[in-house]
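S.K.: Below you'll find the structure I mean.
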Amino acid sequence: MTRYVRQAITAVLAIVVFTVVTGVVYPFVVWAVGHVAASGQTAGSYVTDAHGTVVGSSLIGQNFTGPQWFQGRPSAAGTGYDAMYSGASNLSASNPMLLTQVQQRKATIAVQDGVAPSEVPADALTASGSGLDPDISPAYAAIQVDRVARARGLSVAQVQALVAANTQGRAFGFIGQERVNVLLLNLALADAAR
């Protein structure tokens, strides 16, 4: 066998071995570790209603309309919360179009929730970088409580308790901010109204 044939065989064997290791073994190990360590997240973080029907994912926001629901952050993803078009508006903070959108949102939310425009939190006015953010701040949830309670015929205390029960703390106690998952809160709200 010539030197070139031996080198060609070695090269082909190296390709086969590395293809199996990096294309089969490594992905399987990563999948298995993820499935054991975080089975809920690797399966899509599906959320089911009281009947066991999948109604969404806790990781992707949804558009809720009507005064009886808590509203999420604005979405710049397609027509709203469209995972196929995930992304930000790419408008700079000084862009007149973004400033107009923020002022319109602030005025609308202030009227809708019966608060002063200065009380509307920033996350109610701006979309997240992905446009799919499922969470809102406790401050944004708090200004919606009166409207939702009135529309549902529930007491303010009942709705506040639901918000408190669905408020998630900071990761590891110090990373990020407290947040409220809108889908989970609205499901709890629907269950409470039955």
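A note on labels: chains of the structure tokens are A, B, ... as shown, every chain counts residues from 1, and ligands are counted from 1 in their shown order.
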Check chain A with DSSP on the backbone and list each residue it calls strand (DSSP E or B), as number ranges by chain.
M.R.: A: 46-48, 54-57, 135-136, 167-168, 171, 175, 179-181
S.K.: Keeping only C-alpha atoms, write those residues as a PDB file, in the first residue's frame.
M.R.:
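To be explicit, this is the file written out as selection.pdb:
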```
ATOM      1  CA  TYR A  46     -46.128  23.287  27.613  1.00  0.00           C
ATOM      2  CA  VAL A  47     -48.900  24.689  29.764  1.00  0.00           C
ATOM      3  CA  THR A  48     -52.206  22.828  30.049  1.00  0.00           C
ATOM      4  CA  VAL A  54     -52.217  22.289  25.863  1.00  0.00           C
ATOM      5  CA  VAL A  55     -52.894  26.033  25.684  1.00  0.00           C
ATOM      6  CA  GLY A  56     -49.382  27.360  25.132  1.00  0.00           C
ATOM      7  CA  SER A  57     -45.839  27.457  26.406  1.00  0.00           C
ATOM      8  CA  ASP A 135     -43.558  37.815  31.508  1.00  0.00           C
ATOM      9  CA  ILE A 136     -44.472  41.228  32.855  1.00  0.00           C
ATOM     10  CA  THR A 167     -45.114  36.152  40.846  1.00  0.00           C
ATOM     11  CA  GLN A 168     -41.799  34.391  40.308  1.00  0.00           C
ATOM     12  CA  ALA A 171     -33.285  33.241  39.708  1.00  0.00           C
ATOM     13  CA  ILE A 175     -30.323  37.161  39.046  1.00  0.00           C
ATOM     14  CA  ARG A 179     -41.783  38.605  37.052  1.00  0.00           C
ATOM     15  CA  VAL A 180     -45.317  37.431  36.408  1.00  0.00           C
ATOM     16  CA  ASN A 181     -46.017  34.926  33.631  1.00  0.00           C
TER      17      ASN A 181
END
```
S.K.: Which polymer residues have any atom within 12 Å of an atom of range 95-98 of chain A, counting only C-alpha atoms, with same-chain residues fewer than 4 positions away left out, as number ranges by chain?
M.R.: A: 76, 88-91, 102-105, 125-127
S.K.: Can you pull out every residue from range 9-153 of chain A that DSSP, working from the backbone, puts in alpha helix (DSSP H), and format the result as a count of residues only?
M.R.: 61
S.K.: What is the CA of Gly114 in chain A to CA of Gly72 in chain A distance in Å?
M.R.: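 Going from CA of Gly114 in chain A over to CA of Gly72 in chain A covers 17.1 Å.
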S.K.: With distances taken over only C-alpha atoms, which of A:Phe174, A:Tyr4, A:Phe70, A:Tyr85 is nearest to Leu162 in chain A?
M.R.: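 Closest to Leu162 in chain A of all the choices is A:Phe70.
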S.K.: Please determine, counting only C-alpha atoms, which residue among A:Leu59, A:Ala77, A:Met1, A:Val148 has the shortest atom-to-atom distance to Asn186 in chain A.
M.R.: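 Checking each of A:Leu59, A:Ala77, A:Met1, A:Val148 against Asn186 in chain A, counting only C-alpha atoms, the winner is A:Val148.
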S.K.: Show which residues sit within 9 Å of Ala50 in chain A, as a PyMOL selection string. Count only C-alpha atoms, and ignore same-chain residues fewer than 3 positions away.
M.R.: chain A and resi 53+187+191
S.K.: Take the residues that were just selected and, keeping C-alpha atoms, output them as a JSON list (two decimals), in the first residue's frame.
M.R.:
```
[["chain", "number", "residue", "atom", "x", "y", "z"],
["A", 53, "THR", "CA", -55.49, 20.64, 26.86],
["A", 187, "LEU", "CA", -55.15, 30.48, 33.54],
["A", 191, "ASP", "CA", -59.96, 28.85, 37.17]]
```
S.K.: Can you tell me which residues surround Ala149 in chain A at a distance of at most 10 Å, considering only C-alpha atoms, apart from same-chain residues fewer than 3 positions away, and format the answer as a PDB file with N, CA and C atoms, in the first residue's frame?
M.R.:
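Saved to selection29.pdb:
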```pdb
ATOM      1  N   PRO A  67     -60.902  43.242  28.513  1.00  0.00           N
ATOM      2  CA  PRO A  67     -60.586  43.761  29.849  1.00  0.00           C
ATOM      3  C   PRO A  67     -60.519  42.684  30.925  1.00  0.00           C
ATOM      4  N   GLN A  68     -61.020  41.483  30.648  1.00  0.00           N
ATOM      5  CA  GLN A  68     -61.041  40.418  31.648  1.00  0.00           C
ATOM      6  C   GLN A  68     -59.709  39.678  31.764  1.00  0.00           C
ATOM      7  N   TRP A  69     -58.741  40.031  30.928  1.00  0.00           N
ATOM      8  CA  TRP A  69     -57.443  39.359  30.916  1.00  0.00           C
ATOM      9  C   TRP A  69     -56.320  40.328  31.260  1.00  0.00           C
ATOM     10  N   GLN A 144     -53.099  46.589  36.489  1.00  0.00           N
ATOM     11  CA  GLN A 144     -54.194  45.942  35.756  1.00  0.00           C
ATOM     12  C   GLN A 144     -55.224  45.280  36.679  1.00  0.00           C
ATOM     13  N   VAL A 145     -54.898  45.156  37.955  1.00  0.00           N
ATOM     14  CA  VAL A 145     -55.732  44.409  38.899  1.00  0.00           C
ATOM     15  C   VAL A 145     -57.162  44.948  38.959  1.00  0.00           C
ATOM     16  N   ASP A 146     -57.341  46.251  39.124  1.00  0.00           N
ATOM     17  CA  ASP A 146     -58.690  46.823  39.256  1.00  0.00           C
ATOM     18  C   ASP A 146     -59.538  46.541  38.020  1.00  0.00           C
ATOM     19  N   ARG A 152     -64.231  40.751  35.698  1.00  0.00           N
ATOM     20  CA  ARG A 152     -64.501  39.364  36.100  1.00  0.00           C
ATOM     21  C   ARG A 152     -65.517  39.253  37.229  1.00  0.00           C
ATOM     22  N   GLY A 153     -65.832  40.368  37.870  1.00  0.00           N
ATOM     23  CA  GLY A 153     -66.740  40.317  39.009  1.00  0.00           C
ATOM     24  C   GLY A 153     -66.087  39.707  40.235  1.00  0.00           C
ATOM     25  N   LEU A 154     -64.773  39.812  40.329  1.00  0.00           N
ATOM     26  CA  LEU A 154     -64.029  39.314  41.481  1.00  0.00           C
ATOM     27  C   LEU A 154     -63.612  40.493  42.351  1.00  0.00           C
ATOM     28  N   SER A 155     -63.254  40.215  43.578  1.00  0.00           N
ATOM     29  CA  SER A 155     -62.765  41.293  44.439  1.00  0.00           C
ATOM     30  C   SER A 155     -61.322  41.608  44.061  1.00  0.00           C
ATOM     31  N   VAL A 156     -60.928  42.838  44.356  1.00  0.00           N
ATOM     32  CA  VAL A 156     -59.551  43.253  44.095  1.00  0.00           C
ATOM     33  C   VAL A 156     -58.590  42.372  44.885  1.00  0.00           C
ATOM     34  N   ALA A 157     -58.955  42.024  46.112  1.00  0.00           N
ATOM     35  CA  ALA A 157     -58.099  41.179  46.951  1.00  0.00           C
ATOM     36  C   ALA A 157     -57.882  39.803  46.323  1.00  0.00           C
ATOM     37  N   GLN A 158     -58.939  39.233  45.711  1.00  0.00           N
ATOM     38  CA  GLN A 158     -58.797  37.929  45.061  1.00  0.00           C
ATOM     39  C   GLN A 158     -57.808  38.006  43.901  1.00  0.00           C
ATOM     40  N   VAL A 159     -57.934  39.048  43.101  1.00  0.00           N
ATOM     41  CA  VAL A 159     -57.054  39.183  41.934  1.00  0.00           C
ATOM     42  C   VAL A 159     -55.622  39.487  42.389  1.00  0.00           C
ATOM     43  N   GLN A 160     -55.467  40.311  43.413  1.00  0.00           N
ATOM     44  CA  GLN A 160     -54.130  40.582  43.949  1.00  0.00           C
ATOM     45  C   GLN A 160     -53.482  39.304  44.471  1.00  0.00           C
ATOM     46  N   LEU A 189     -56.578  32.866  36.754  1.00  0.00           N
ATOM     47  CA  LEU A 189     -57.718  33.767  36.789  1.00  0.00           C
ATOM     48  C   LEU A 189     -58.982  33.080  36.245  1.00  0.00           C
TER      49      LEU A 189
END
```
S.K.: Kindly indicate which residue among A:Gln71, A:Ser86, A:Gln101, A:Asn166 lies nearest to Asp113 in chain A, using only C-alpha atoms for the distances.
M.R.: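 Using only C-alpha atoms, the shortest distance to Asp113 in chain A belongs to A:Gln71.
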S.K.: Would you mind telling me which residue in A:Thr100, A:Thr2, A:Gln112, A:Ser130 lies nearest to Gly66 in chain A when using only C-alpha atoms?
M.R.: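 Checking each of A:Thr100, A:Thr2, A:Gln112, A:Ser130 against Gly66 in chain A, counting only C-alpha atoms, the winner is A:Gln112.
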